[in-house]
Every structure is written in structure tokens, then in C-alpha cells.
>>> print(open('structure-v9.pdb').read())   # PDB, C-alpha atoms and all ligand atoms
ATOM      1  CA  MET W   1       2.237   0.856 -27.124
ATOM      2  CA  SER W   2       1.494  -2.450 -25.393
ATOM      3  CA  ARG W   3       2.280  -2.755 -21.707
ATOM      4  CA  ILE W   4       4.750  -5.465 -20.761
ATOM      5  CA  ALA W   5       4.460  -7.717 -17.708
ATOM      6  CA  PHE W   6       6.731 -10.360 -16.227
ATOM      7  CA  VAL W   7       4.980 -13.706 -15.704
ATOM      8  CA  ASN W   8       6.774 -16.707 -14.259
ATOM      9  CA  GLY W   9      10.098 -16.122 -15.992
ATOM     10  CA  ARG W  10       8.954 -14.400 -19.193
ATOM     11  CA  TYR W  11       8.221 -10.882 -20.377
ATOM     12  CA  LYS W  12       4.770 -10.812 -21.983
ATOM     13  CA  ARG W  13       2.464  -8.279 -23.577
ATOM     14  CA  HIS W  14      -0.474  -7.676 -21.239
ATOM     15  CA  SER W  15      -2.838  -9.278 -23.734
ATOM     16  CA  ASP W  16      -0.790 -12.504 -23.550
ATOM     17  CA  ALA W  17       0.087 -12.343 -19.846
ATOM     18  CA  VAL W  18      -1.844 -15.168 -18.194
ATOM     19  CA  VAL W  19      -1.563 -17.448 -15.183
ATOM     20  CA  HIS W  20      -2.725 -21.031 -14.703
ATOM     21  CA  ILE W  21      -6.354 -21.644 -13.592
ATOM     22  CA  GLU W  22      -5.053 -23.658 -10.652
ATOM     23  CA  ASP W  23      -2.747 -20.927  -9.389
ATOM     24  CA  ARG W  24      -3.480 -20.913  -5.660
ATOM     25  CA  GLY W  25      -3.659 -17.124  -5.716
ATOM     26  CA  TYR W  26      -6.645 -17.411  -8.036
ATOM     27  CA  GLN W  27      -8.365 -20.217  -6.113
ATOM     28  CA  PHE W  28      -7.519 -19.429  -2.473
ATOM     29  CA  SER W  29      -5.999 -15.891  -2.370
ATOM     30  CA  ASP W  30      -2.944 -17.845  -1.241
ATOM     31  CA  GLY W  31      -0.402 -15.154  -2.017
ATOM     32  CA  VAL W  32       1.074 -11.783  -1.185
ATOM     33  CA  TYR W  33       1.910  -8.568  -3.019
ATOM     34  CA  GLU W  34       3.771  -5.263  -2.938
ATOM     35  CA  VAL W  35       3.222  -1.917  -4.645
ATOM     36  CA  ILE W  36       6.394   0.138  -5.032
ATOM     37  CA  LEU W  37       6.538   3.765  -6.105
ATOM     38  CA  VAL W  38       8.976   4.533  -8.918
ATOM     39  CA  LYS W  39      10.094   8.156  -9.024
ATOM     40  CA  ASN W  40      12.574   9.243 -11.716
ATOM     41  CA  LYS W  41      13.413   5.545 -12.170
ATOM     42  CA  ASN W  42      14.268   5.152  -8.461
ATOM     43  CA  PHE W  43      12.424   2.560  -6.402
ATOM     44  CA  ILE W  44      11.285   4.511  -3.357
ATOM     45  CA  ASP W  45      11.957   2.740  -0.038
ATOM     46  CA  GLU W  46      12.953  -0.397  -1.916
ATOM     47  CA  LYS W  47      14.564  -2.046   1.107
ATOM     48  CA  LYS W  48      11.505  -1.496   3.290
ATOM     49  CA  HIS W  49       9.271  -2.996   0.597
ATOM     50  CA  PHE W  50      11.526  -6.049   0.241
ATOM     51  CA  ASP W  51      11.622  -6.444   4.026
ATOM     52  CA  ARG W  52       7.810  -6.332   4.202
ATOM     53  CA  LEU W  53       7.569  -8.789   1.300
ATOM     54  CA  ASP W  54       9.915 -11.088   3.188
ATOM     55  CA  TYR W  55       7.718 -10.756   6.302
ATOM     56  CA  SER W  56       4.551 -11.564   4.335
ATOM     57  CA  LEU W  57       6.142 -14.553   2.575
ATOM     58  CA  THR W  58       7.653 -15.911   5.785
ATOM     59  CA  SER W  59       4.330 -15.525   7.631
ATOM     60  CA  LEU W  60       2.646 -17.719   5.012
ATOM     61  CA  ASP W  61       5.571 -20.119   4.592
ATOM     62  CA  ILE W  62       6.005 -19.250   0.898
ATOM     63  CA  SER W  63       9.586 -19.132  -0.378
ATOM     64  CA  TRP W  64      11.134 -16.340  -2.465
ATOM     65  CA  PRO W  65      10.748 -17.206  -6.164
ATOM     66  CA  MET W  66      14.198 -15.722  -6.918
ATOM     67  CA  LYS W  67      16.952 -13.648  -5.317
ATOM     68  CA  LYS W  68      16.137 -10.027  -4.458
ATOM     69  CA  ASN W  69      18.794  -8.788  -6.867
ATOM     70  CA  SER W  70      17.268 -10.659  -9.791
ATOM     71  CA  MET W  71      13.879  -9.257  -8.871
ATOM     72  CA  ARG W  72      15.338  -5.787  -8.817
ATOM     73  CA  GLN W  73      16.777  -6.266 -12.314
ATOM     74  CA  ILE W  74      13.332  -7.260 -13.568
ATOM     75  CA  MET W  75      11.856  -4.161 -11.933
ATOM     76  CA  GLN W  76      14.376  -2.001 -13.821
ATOM     77  CA  GLU W  77      13.684  -3.830 -17.054
ATOM     78  CA  LEU W  78       9.931  -3.346 -16.602
ATOM     79  CA  VAL W  79      10.348   0.399 -16.085
ATOM     80  CA  TYR W  80      12.450   0.493 -19.269
ATOM     81  CA  LYS W  81      10.115  -1.709 -21.327
ATOM     82  CA  ASN W  82       7.036   0.222 -20.225
ATOM     83  CA  ARG W  83       8.768   3.528 -20.981
ATOM     84  CA  PHE W  84       8.080   5.594 -17.906
ATOM     85  CA  VAL W  85      10.166   7.258 -15.230
ATOM     86  CA  THR W  86       7.480   7.777 -12.576
ATOM     87  CA  GLY W  87       4.938   5.076 -11.823
ATOM     88  CA  ILE W  88       4.433   1.910  -9.842
ATOM     89  CA  ILE W  89       5.683  -1.651  -9.804
ATOM     90  CA  TYR W  90       3.254  -4.356  -8.685
ATOM     91  CA  ILE W  91       4.729  -7.639  -7.442
ATOM     92  CA  GLN W  92       2.559 -10.662  -6.700
ATOM     93  CA  ILE W  93       3.847 -13.966  -5.386
ATOM     94  CA  THR W  94       1.514 -16.898  -4.819
ATOM     95  CA  ARG W  95       2.219 -20.335  -3.388
ATOM     96  CA  GLY W  96       2.142 -21.724  -6.948
ATOM     97  CA  VAL W  97       0.110 -24.039  -9.142
ATOM     98  CA  ALA W  98      -1.314 -27.350  -7.891
ATOM     99  CA  ARG W  99      -4.460 -29.479  -8.008
ATOM    100  CA  ARG W 100      -7.047 -27.814  -5.769
ATOM    101  CA  ASP W 101      -6.568 -28.921  -2.153
ATOM    102  CA  HIS W 102      -6.677 -26.591   0.825
ATOM    103  CA  SER W 103      -3.508 -27.820   2.541
ATOM    104  CA  PHE W 104      -0.087 -26.740   1.231
ATOM    105  CA  PRO W 105       0.933 -28.867  -1.771
ATOM    106  CA  LYS W 106       4.432 -30.351  -1.656
ATOM    107  CA  GLY W 107       7.210 -29.568  -4.121
ATOM    108  CA  ILE W 108       5.672 -26.660  -6.015
ATOM    109  CA  LYS W 109       7.413 -23.445  -7.002
ATOM    110  CA  PRO W 110       5.956 -20.070  -6.023
ATOM    111  CA  ALA W 111       4.436 -18.136  -8.931
ATOM    112  CA  LEU W 112       5.656 -14.606  -9.650
ATOM    113  CA  VAL W 113       3.885 -11.877 -11.593
ATOM    114  CA  MET W 114       5.206  -8.334 -11.911
ATOM    115  CA  THR W 115       3.551  -5.442 -13.684
ATOM    116  CA  ALA W 116       4.483  -1.798 -14.075
ATOM    117  CA  ARG W 117       2.570   1.290 -15.026
ATOM    118  CA  ARG W 118       2.863   5.009 -15.252
ATOM    119  CA  LEU W 119       1.301   6.758 -12.258
ATOM    120  CA  PRO W 120      -1.788   8.697 -13.327
ATOM    121  CA  LYS W 121      -1.507  12.369 -12.436
ATOM    122  CA  SER W 122      -5.147  12.319 -11.324
ATOM    123  CA  ASN W 123      -4.612  12.567  -7.567
ATOM    124  CA  ASP W 124      -2.934  15.995  -7.703
ATOM    125  CA  GLY W 125      -6.373  17.612  -7.362
ATOM    126  CA  ASP W 126      -7.282  15.413  -4.373
ATOM    127  CA  ILE W 127      -4.033  16.377  -2.674
ATOM    128  CA  LYS W 128      -4.656  20.097  -3.159
ATOM    129  CA  SER W 129      -8.302  20.203  -2.134
ATOM    130  CA  GLY W 130      -8.542  17.218   0.218
ATOM    131  CA  VAL W 131     -10.867  14.233   0.024
ATOM    132  CA  SER W 132     -13.775  12.848   2.014
ATOM    133  CA  VAL W 133     -13.820   9.507   3.787
ATOM    134  CA  ILE W 134     -16.656   7.447   5.222
ATOM    135  CA  THR W 135     -16.345   5.065   8.156
ATOM    136  CA  ILE W 136     -17.260   1.370   7.997
ATOM    137  CA  LYS W 137     -16.982  -1.609  10.309
ATOM    138  CA  ASP W 138     -13.661  -3.436   9.999
ATOM    139  CA  ILE W 139     -14.717  -6.937   8.935
ATOM    140  CA  ARG W 140     -11.241  -8.195   7.964
ATOM    141  CA  TRP W 141      -9.317 -11.170   9.349
ATOM    142  CA  GLY W 142      -6.846 -11.203  12.253
ATOM    143  CA  ARG W 143      -3.642 -10.886  10.188
ATOM    144  CA  CYS W 144      -3.946  -7.530   8.422
ATOM    145  CA  ASP W 145      -0.180  -7.110   8.982
ATOM    146  CA  ILE W 146       0.388  -9.573   6.104
ATOM    147  CA  LYS W 147       0.116  -7.920   2.693
ATOM    148  CA  SER W 148      -2.071 -10.709   1.372
ATOM    149  CA  VAL W 149      -3.916 -10.597  -1.959
ATOM    150  CA  SER W 150      -7.045 -11.591  -0.035
ATOM    151  CA  LEU W 151      -8.653  -8.153  -0.294
ATOM    152  CA  LEU W 152     -12.397  -8.767  -0.532
ATOM    153  CA  PRO W 153     -13.392  -6.712   2.560
ATOM    154  CA  ASN W 154     -11.114  -3.914   1.303
ATOM    155  CA  VAL W 155     -12.735  -4.054  -2.146
ATOM    156  CA  LEU W 156     -16.244  -3.936  -0.628
ATOM    157  CA  GLY W 157     -15.249  -1.033   1.631
ATOM    158  CA  LYS W 158     -13.708   0.984  -1.210
ATOM    159  CA  GLN W 159     -16.805   0.424  -3.340
ATOM    160  CA  GLU W 160     -19.031   1.579  -0.459
ATOM    161  CA  ALA W 161     -16.915   4.743  -0.324
ATOM    162  CA  ARG W 162     -17.329   5.253  -4.079
ATOM    163  CA  ASN W 163     -21.090   4.653  -3.823
ATOM    164  CA  GLN W 164     -21.252   7.455  -1.273
ATOM    165  CA  GLY W 165     -19.070   9.766  -3.361
ATOM    166  CA  ALA W 166     -16.083   9.403  -1.004
ATOM    167  CA  TYR W 167     -12.437   8.667  -1.767
ATOM    168  CA  GLU W 168     -11.759   6.137   0.986
ATOM    169  CA  ALA W 169     -13.413   4.203   3.815
ATOM    170  CA  TRP W 170     -11.798   4.212   7.260
ATOM    171  CA  GLN W 171     -12.393   0.908   9.012
ATOM    172  CA  ILE W 172     -13.485   0.862  12.647
ATOM    173  CA  ASP W 173     -12.674  -1.885  15.155
ATOM    174  CA  ASN W 174     -15.091  -3.280  17.754
ATOM    175  CA  GLU W 175     -14.082  -0.622  20.309
ATOM    176  CA  GLY W 176     -14.801   2.290  17.972
ATOM    177  CA  PHE W 177     -11.168   3.002  17.034
ATOM    178  CA  VAL W 178     -10.003   3.626  13.474
ATOM    179  CA  THR W 179      -7.769   0.821  12.175
ATOM    180  CA  GLU W 180      -6.868   2.039   8.655
ATOM    181  CA  GLY W 181      -8.313   2.756   5.219
ATOM    182  CA  THR W 182      -9.062   0.000   2.705
ATOM    183  CA  SER W 183      -5.762   0.681   0.904
ATOM    184  CA  THR W 184      -4.208   3.454   2.997
ATOM    185  CA  ASN W 185      -3.112   4.246   6.564
ATOM    186  CA  ALA W 186      -5.100   6.790   8.612
ATOM    187  CA  TRP W 187      -3.709   9.824  10.462
ATOM    188  CA  ILE W 188      -5.028  12.803  12.401
ATOM    189  CA  VAL W 189      -3.617  15.944  13.977
ATOM    190  CA  SER W 190      -5.281  16.357  17.380
ATOM    191  CA  SER W 191      -6.849  19.588  18.617
ATOM    192  CA  HIS W 192      -3.550  20.071  20.536
ATOM    193  CA  GLY W 193      -1.501  19.833  17.341
ATOM    194  CA  VAL W 194      -0.175  16.296  17.930
ATOM    195  CA  LEU W 195       0.308  14.053  14.906
ATOM    196  CA  ILE W 196      -1.302  10.666  15.592
ATOM    197  CA  THR W 197      -1.421   7.334  13.792
ATOM    198  CA  ARG W 198      -2.324   3.898  15.110
ATOM    199  CA  GLY W 199       0.525   1.712  16.362
ATOM    200  CA  LEU W 200       1.543  -1.460  14.557
ATOM    201  CA  SER W 201      -0.227  -4.729  15.368
ATOM    202  CA  ASN W 202      -1.871  -7.494  13.377
ATOM    203  CA  GLN W 203      -4.865  -5.178  12.856
ATOM    204  CA  ILE W 204      -3.160  -2.904  10.313
ATOM    205  CA  LEU W 205      -0.641  -3.063   7.519
ATOM    206  CA  SER W 206       2.721  -1.539   8.305
ATOM    207  CA  GLY W 207       2.547   1.008   5.480
ATOM    208  CA  ILE W 208       5.900   1.990   4.034
ATOM    209  CA  THR W 209       4.742   5.583   3.498
ATOM    210  CA  ARG W 210       3.638   5.558   7.151
ATOM    211  CA  LEU W 211       7.113   4.453   8.303
ATOM    212  CA  THR W 212       8.848   7.061   6.162
ATOM    213  CA  LEU W 213       6.536   9.846   7.331
ATOM    214  CA  ILE W 214       7.086   8.947  10.996
ATOM    215  CA  LYS W 215      10.819   9.320  10.377
ATOM    216  CA  ILE W 216      10.355  12.635   8.573
ATOM    217  CA  ALA W 217       7.980  13.976  11.265
ATOM    218  CA  THR W 218      10.468  13.040  13.989
ATOM    219  CA  GLU W 219      13.288  14.779  12.112
ATOM    220  CA  LEU W 220      11.102  17.875  11.798
ATOM    221  CA  ASN W 221      10.484  17.729  15.584
ATOM    222  CA  PHE W 222       6.732  17.378  15.179
ATOM    223  CA  LYS W 223       4.862  16.227  18.270
ATOM    224  CA  PHE W 224       3.960  12.647  17.411
ATOM    225  CA  GLU W 225       2.048   9.850  19.127
ATOM    226  CA  GLU W 226       1.618   6.316  17.864
ATOM    227  CA  ARG W 227      -1.730   5.315  19.381
ATOM    228  CA  GLN W 228      -5.266   4.403  18.500
ATOM    229  CA  PHE W 229      -7.827   7.147  17.995
ATOM    230  CA  SER W 230     -11.626   6.942  17.946
ATOM    231  CA  VAL W 231     -13.969   8.041  15.166
ATOM    232  CA  ASP W 232     -15.169  10.871  17.448
ATOM    233  CA  GLU W 233     -11.606  12.075  18.026
ATOM    234  CA  ALA W 234     -10.988  11.940  14.276
ATOM    235  CA  LYS W 235     -14.099  14.003  13.593
ATOM    236  CA  SER W 236     -13.059  16.681  16.055
ATOM    237  CA  SER W 237      -9.414  16.692  14.930
ATOM    238  CA  ARG W 238      -7.656  19.709  13.484
ATOM    239  CA  GLU W 239      -6.347  17.896  10.415
ATOM    240  CA  ALA W 240      -6.625  14.406   8.976
ATOM    241  CA  PHE W 241      -4.941  12.598   6.117
ATOM    242  CA  LEU W 242      -4.276   9.193   4.604
ATOM    243  CA  THR W 243      -1.085   7.708   3.194
ATOM    244  CA  SER W 244       0.044   5.060   0.717
ATOM    245  CA  SER W 245       2.672   4.538  -1.958
ATOM    246  CA  THR W 246       0.222   5.644  -4.640
ATOM    247  CA  SER W 247      -1.715   8.391  -2.854
ATOM    248  CA  PHE W 248       1.355   9.798  -0.982
ATOM    249  CA  LEU W 249      -0.134  11.987   1.736
ATOM    250  CA  THR W 250      -3.680  12.939   0.781
ATOM    251  CA  PRO W 251      -5.481  15.372   3.102
ATOM    252  CA  VAL W 252      -8.909  14.361   4.418
ATOM    253  CA  THR W 253     -11.285  17.293   4.808
ATOM    254  CA  GLN W 254     -14.508  15.406   5.628
ATOM    255  CA  ILE W 255     -15.274  12.277   7.650
ATOM    256  CA  ASP W 256     -18.847  10.946   7.311
ATOM    257  CA  GLY W 257     -19.835  14.424   6.111
ATOM    258  CA  VAL W 258     -18.306  16.160   9.152
ATOM    259  CA  VAL W 259     -15.905  18.926   8.111
ATOM    260  CA  ILE W 260     -12.397  18.584   9.583
ATOM    261  CA  GLY W 261     -10.828  21.764  10.969
ATOM    262  CA  ASN W 262     -11.880  24.691   8.822
ATOM    263  CA  GLY W 263     -12.438  22.426   5.808
ATOM    264  CA  ALA W 264      -9.192  23.409   4.103
ATOM    265  CA  VAL W 265      -6.005  21.369   3.805
ATOM    266  CA  GLY W 266      -4.060  21.721   7.076
ATOM    267  CA  LEU W 267      -0.656  23.382   7.468
ATOM    268  CA  LEU W 268       1.015  20.456   9.173
ATOM    269  CA  SER W 269      -0.233  18.096   6.444
ATOM    270  CA  MET W 270       1.202  20.391   3.783
ATOM    271  CA  ARG W 271       4.579  20.640   5.530
ATOM    272  CA  LEU W 272       4.785  16.875   5.788
ATOM    273  CA  LEU W 273       3.768  16.405   2.164
ATOM    274  CA  GLN W 274       6.402  18.897   1.023
ATOM    275  CA  ALA W 275       9.039  17.064   3.045
ATOM    276  CA  TYR W 276       7.871  13.737   1.615
ATOM    277  CA  HIS W 277       8.164  15.097  -1.943
ATOM    278  CA  GLN W 278      11.691  16.260  -1.148
ATOM    279  CA  TYR W 279      12.482  12.799   0.186
ATOM    280  CA  ILE W 280      11.220  10.927  -2.888
ATOM    281  CA  ASN W 281      12.815  13.376  -5.293
ATOM    282  CA  SER W 282      16.205  12.999  -3.646
ATOM    283  CA  SER W 283      16.064   9.197  -3.227
ATOM    284  CA  GLU W 284      18.735   7.327  -5.136
ATOM    285  CA  ILE W 285      18.771   3.621  -5.940
TER
HETATM  286  N1  LIG W 301      -2.079  -0.389  -0.501
HETATM  287  N2  LIG W 301      -3.084  -0.207   4.436
HETATM  288  C1  LIG W 301      -3.565  -1.053   3.492
HETATM  289  C2  LIG W 301      -4.687  -1.977   3.832
HETATM  290  C3  LIG W 301      -2.981  -1.046   2.205
HETATM  291  O1  LIG W 301      -3.439  -1.896   1.264
HETATM  292  C4  LIG W 301      -1.929  -0.135   1.915
HETATM  293  C5  LIG W 301      -1.255  -0.114   0.571
HETATM  294  C6  LIG W 301      -1.491   0.730   2.934
HETATM  295  C7  LIG W 301      -0.348   1.697   2.724
HETATM  296  O2  LIG W 301       0.869   1.017   2.553
HETATM  297  P1  LIG W 301       2.074   1.668   1.727
HETATM  298  O3  LIG W 301       2.348   2.981   2.343
HETATM  299  O4  LIG W 301       3.177   0.688   1.894
HETATM  300  O5  LIG W 301       1.624   1.798   0.286
HETATM  301  C8  LIG W 301      -2.090   0.647   4.182
HETATM  302  C9  LIG W 301      -1.501  -0.525  -1.831
HETATM  303  C10 LIG W 301      -0.951   0.753  -2.367
HETATM  304  C11 LIG W 301      -2.501  -1.192  -2.739
HETATM  305  O6  LIG W 301      -3.154  -2.126  -2.283
HETATM  306  O7  LIG W 301      -2.610  -0.825  -3.919
END
>>> encode(input="structure-v9.pdb", output="C-alpha cells", more="lines below")
Ligand code: PDD
Amino acid sequence: MSRIAFVNGRYKRHSDAVVHIEDRGYQFSDGVYEVILVKNKNFIDEKKHFDRLDYSLTSLDISWPMKKNSMRQIMQELVYKNRFVTGIIYIQITRGVARRDHSFPKGIKPALVMTARRLPKSNDGDIKSGVSVITIKDIRWGRCDIKSVSLLPNVLGKQEARNQGAYEAWQIDNEGFVTEGTSTNAWIVSSHGVLITRGLSNQILSGITRLTLIKIATELNFKFEERQFSVDEAKSSREAFLTSSTSFLTPVTQIDGVVIGNGAVGLLSMRLLQAYHQYINSSEI
């Protein structure tokens, strides 16, 4: 069965789904994106994703290509046409198509591409046994709060992780503090049992899974601190994990080869993951 994508107003088979060579996303990374988890045909945290998309678009002065409701209908149609109930929707909006010139062209329409795919079951094993991460220098720009398609440092970092047999690379700022993973947010549980993740700023993406887990952890009365933590603190932590819409909460059992806790998936991580599963299974559109 061919996968179906939505490209600038039309549903297309993937093999025919193309964009213009002068799309500014292609030439300048002049665009933004979202990845939304679909669970039993429900769009998990849809409002938060649309709010973040709005923030990214507004930050770059790109207008919405259509109303949110119309976009939502296309998302539903894509889930139907691609015949899955659990998967992801990818939305990409670029400034549009124009003759190559760095400054914003006048009078062009933003370009919209949406794809959908079944979520591979492959990360179940990672979640059960935990994964390893390496640490790398954070070489990204000063607006990591915008979910821009300009992901070259993230791509290089993820590949470095793969080259070293690791799942993810945690990026480190100039002061030795962990910012986030290349496509995930970073968390630890301190030696005193406090759940910690870095606070929001323009140095990290405001992950939707991160926001939801903070809410869940607060409801469960977990001790929680939103603050930066160093690589050394991470290595001596009791538990560590990473989060994203596609990797949920994935336990980290090694950082740069250093075993975290007793090397097994931590209890607090498991409790949070269970609660997160409950949350996504009970979410309604
Ligand atoms: N990545 N930090 C970065 C740099 C990310 O790219 C992502 C998401 C996250 C987690 O955000 P969320 O919880 O909203 O998925 C944090 C997506 C999944 C991606 O690029 O495929």
C-alpha cells in the first residue's frame, strides 16, 4: 500500500509528493515543523502542539497556511488514508517558494507538507532495558526554542551517537550543563530522589512530552525541580531518561559509558512512564 502525503493542497502518493526546488525550506531551512503522536486515532496534546507551532511561526514571521481546524481535518484524513490508528503526523511549514534571495520575499504563500506514518514498535525494547547516551558540545544557534527545520547540528550529533553505538547525544553548554538531546529532552533523578529537567529558555525546545510529564509528576506529588544540571551530576544521578513524542519516556542507563544507578531501569522512571501511557490511552480528541 502506498503512503499518502498532503502537499500544498493535494493528497499525493509518496512517490509523487514533491516540492519546488526554490522552496525556502529546501534552500535556507526557512521553516518550522511539528511531530504529533497519534494514539488510537487521537492526536495527543494537540492543543499544545498547535500552540508551539504558532509560537515557531510567529517567531519567524511566517503566517499560518490555513485555519487550525482545516489542518486538523487533513490530519484525520491522513490517518485514515494511511490506515493506521497509532503513529505520527509530521507537519512542515516553510516561508514558501520564491527566487533565491536571503531577505523575506513579498507576497508569497507559506508551503505546507504533512505526512503520516505508523509508529514502529521498535523502541519497546529500549524502553524496557534502557539506552546509552553520549555527551557532545552544543553547537546549535541561539533560538533552540523555535522548532525550526534547521537541524544540521542535531543530525551530526545523532550520527555521532550512532557511530559510538549510543541511542542519543546529550548536548552540553559552555558551562558544562546539559541542554537537551538532539531530538529529545533530558531528565535525571538526583541522588536525593528529586526529578530534574532544565528550565525553558532559548537554549532548549519546549518539548510537549516534557510539559505533560511535569504535569503528571506534579499530580503524583513527585519532588520536582526545573533547573540546569551538569554532566557530572547526570553521571552520578540515580536515574536518567529522555522524552519526546516518538520515544515517550525512554530510560537512560549509561552516559558516556558510566552506568547510571544500578544499571537497571529506575522505579520513578517506570512509574512516570506508566502514568504517561495511561494519559495517552485515555486522551480523547
Ligand atoms: N523531536 N528537543 C528537541 C531538539 C527535539 O527535536 C524534540 C522533538 C524534543 C521533544 O519534543 P516533544 O516532546 O514535543 O516531541 C526536544 C521530534 C520528535 C523530531 O524532531 O522528530
>>> closest_atom_pairs(input="structure-v9.pdb", of="segment 104-179 of chain W", to="segment 38-54 of chain W", cutoff="12 Å", atoms="only C-alpha atoms", output="JSON lines")
{"residue": "W:Ala116", "atom": "CA", "partner": "W:Val38", "partner_atom": "CA", "distance": 9.3}
{"residue": "W:Arg117", "atom": "CA", "partner": "W:Val38", "partner_atom": "CA", "distance": 9.4}
{"residue": "W:Arg118", "atom": "CA", "partner": "W:Val38", "partner_atom": "CA", "distance": 8.8}
{"residue": "W:Leu119", "atom": "CA", "partner": "W:Val38", "partner_atom": "CA", "distance": 8.7}
{"residue": "W:Asp145", "atom": "CA", "partner": "W:Arg52", "partner_atom": "CA", "distance": 9.3}
{"residue": "W:Ile146", "atom": "CA", "partner": "W:Arg52", "partner_atom": "CA", "distance": 8.3}
{"residue": "W:Lys147", "atom": "CA", "partner": "W:Leu53", "partner_atom": "CA", "distance": 7.6}
{"residue": "W:Ser148", "atom": "CA", "partner": "W:Leu53", "partner_atom": "CA", "distance": 9.8}
>>> resolve_selection(input="structure-v9.pdb", expression="the PyMOL selection byres (((chain W and resi 160) around 12) and not hetatm)", output="ChimeraX atom specification")
/W:133-137,153-159,161-171,182
>>> closest_residue(input="structure-v9.pdb", among="W:Ser247, W:Leu57, W:Lys67, W:Ser15", to="Leu37 of chain W", atoms="all atoms listed in the file")
W:Ser247
>>> residues_near_ligand(input="structure-v9.pdb", ligand="ligand LIG 301 (chain W)", cutoff="8 Å", atoms="all atoms listed in the file", output="PyMOL selection string")
chain W and resi 34-36+49+144+147+154+180-185+204-211+243-248
>>> closest_residue(input="structure-v9.pdb", among="W:His277, W:Lys109, W:Lys12, W:Arg238", to="Val97 of chain W", atoms="all atoms listed in the file")
W:Lys109
>>> atom_distance(input="structure-v9.pdb", atom1="atom CA of Gly31 of chain W", atom2="atom CA of Gln76 of chain W")
23.0 Å
>>> atom_distance(input="structure-v9.pdb", atom1="atom CA of Leu78 of chain W", atom2="atom CA of Thr94 of chain W")
19.8 Å
>>> closest_residue(input="structure-v9.pdb", among="W:Thr197, W:Gln274, W:Asn221, W:Asn202", to="Leu242 of chain W", atoms="all atoms listed in the file")
W:Thr197
>>> resolve_selection(input="structure-v9.pdb", expression="the PyMOL selection byres (((chain W and resi 261) around 9) and not hetatm)", output="list of chain:residue names")
W:Ser191, W:Lys235, W:Ser236, W:Ser237, W:Arg238, W:Glu239, W:Ala240, W:Thr253, W:Val259, W:Ile260, W:Asn262, W:Gly263, W:Ala264, W:Val265, W:Gly266
>>> resolve_selection(input="structure-v9.pdb", expression="the PyMOL selection byres (((chain W and resi 107) around 12) and not hetatm)", output="tab-separated table (two decimals) with C-alpha atoms, in the coordinates of the input")
chain	number	residue	atom	x	y	z
W	62	ILE	CA	6.00	-19.25	0.90
W	63	SER	CA	9.59	-19.13	-0.38
W	95	ARG	CA	2.22	-20.34	-3.39
W	96	GLY	CA	2.14	-21.72	-6.95
W	97	VAL	CA	0.11	-24.04	-9.14
W	98	ALA	CA	-1.31	-27.35	-7.89
W	104	PHE	CA	-0.09	-26.74	1.23
W	105	PRO	CA	0.93	-28.87	-1.77
W	106	LYS	CA	4.43	-30.35	-1.66
W	108	ILE	CA	5.67	-26.66	-6.02
W	109	LYS	CA	7.41	-23.44	-7.00
W	110	PRO	CA	5.96	-20.07	-6.02
>>> decode(input="structure-v9.pdb", residues="segment 76-93 of chain W", atoms="N, CA and C atoms", output="PDB file, in the first residue's frame")
ATOM      1  N   GLN W  76      -6.726  14.082  10.242  1.00  0.00           N
ATOM      2  CA  GLN W  76      -7.631  12.917  10.363  1.00  0.00           C
ATOM      3  C   GLN W  76      -7.671  12.125   9.062  1.00  0.00           C
ATOM      4  N   GLU W  77      -7.734  12.853   7.974  1.00  0.00           N
ATOM      5  CA  GLU W  77      -7.796  12.221   6.653  1.00  0.00           C
ATOM      6  C   GLU W  77      -6.503  11.422   6.386  1.00  0.00           C
ATOM      7  N   LEU W  78      -5.382  11.969   6.819  1.00  0.00           N
ATOM      8  CA  LEU W  78      -4.104  11.278   6.599  1.00  0.00           C
ATOM      9  C   LEU W  78      -4.022   9.983   7.408  1.00  0.00           C
ATOM     10  N   VAL W  79      -4.550  10.031   8.636  1.00  0.00           N
ATOM     11  CA  VAL W  79      -4.563   8.810   9.456  1.00  0.00           C
ATOM     12  C   VAL W  79      -5.426   7.761   8.749  1.00  0.00           C
ATOM     13  N   TYR W  80      -6.573   8.205   8.232  1.00  0.00           N
ATOM     14  CA  TYR W  80      -7.492   7.297   7.534  1.00  0.00           C
ATOM     15  C   TYR W  80      -6.841   6.746   6.254  1.00  0.00           C
ATOM     16  N   LYS W  81      -6.288   7.653   5.449  1.00  0.00           N
ATOM     17  CA  LYS W  81      -5.727   7.223   4.155  1.00  0.00           C
ATOM     18  C   LYS W  81      -4.500   6.325   4.335  1.00  0.00           C
ATOM     19  N   ASN W  82      -3.778   6.527   5.421  1.00  0.00           N
ATOM     20  CA  ASN W  82      -2.574   5.712   5.637  1.00  0.00           C
ATOM     21  C   ASN W  82      -2.866   4.485   6.502  1.00  0.00           C
ATOM     22  N   ARG W  83      -4.123   4.320   6.848  1.00  0.00           N
ATOM     23  CA  ARG W  83      -4.632   3.112   7.509  1.00  0.00           C
ATOM     24  C   ARG W  83      -3.867   2.700   8.755  1.00  0.00           C
ATOM     25  N   PHE W  84      -3.754   3.620   9.706  1.00  0.00           N
ATOM     26  CA  PHE W  84      -3.206   3.220  10.996  1.00  0.00           C
ATOM     27  C   PHE W  84      -4.004   3.878  12.105  1.00  0.00           C
ATOM     28  N   VAL W  85      -3.843   3.395  13.308  1.00  0.00           N
ATOM     29  CA  VAL W  85      -4.526   4.022  14.445  1.00  0.00           C
ATOM     30  C   VAL W  85      -3.511   4.632  15.414  1.00  0.00           C
ATOM     31  N   THR W  86      -2.275   4.098  15.379  1.00  0.00           N
ATOM     32  CA  THR W  86      -1.223   4.614  16.255  1.00  0.00           C
ATOM     33  C   THR W  86       0.007   4.926  15.405  1.00  0.00           C
ATOM     34  N   GLY W  87       0.451   6.163  15.462  1.00  0.00           N
ATOM     35  CA  GLY W  87       1.574   6.567  14.615  1.00  0.00           C
ATOM     36  C   GLY W  87       1.928   8.018  14.857  1.00  0.00           C
ATOM     37  N   ILE W  88       2.470   8.650  13.828  1.00  0.00           N
ATOM     38  CA  ILE W  88       2.802  10.071  13.975  1.00  0.00           C
ATOM     39  C   ILE W  88       2.368  10.878  12.752  1.00  0.00           C
ATOM     40  N   ILE W  89       2.079  12.140  13.027  1.00  0.00           N
ATOM     41  CA  ILE W  89       1.815  13.107  11.961  1.00  0.00           C
ATOM     42  C   ILE W  89       2.996  14.068  11.950  1.00  0.00           C
ATOM     43  N   TYR W  90       3.537  14.326  10.777  1.00  0.00           N
ATOM     44  CA  TYR W  90       4.610  15.307  10.612  1.00  0.00           C
ATOM     45  C   TYR W  90       4.048  16.491   9.834  1.00  0.00           C
ATOM     46  N   ILE W  91       4.226  17.681  10.378  1.00  0.00           N
ATOM     47  CA  ILE W  91       3.739  18.904   9.716  1.00  0.00           C
ATOM     48  C   ILE W  91       4.952  19.794   9.448  1.00  0.00           C
ATOM     49  N   GLN W  92       5.103  20.242   8.227  1.00  0.00           N
ATOM     50  CA  GLN W  92       6.196  21.181   7.932  1.00  0.00           C
ATOM     51  C   GLN W  92       5.652  22.392   7.186  1.00  0.00           C
ATOM     52  N   ILE W  93       5.973  23.559   7.697  1.00  0.00           N
ATOM     53  CA  ILE W  93       5.525  24.793   7.041  1.00  0.00           C
ATOM     54  C   ILE W  93       6.765  25.633   6.743  1.00  0.00           C
TER      55      ILE W  93
END
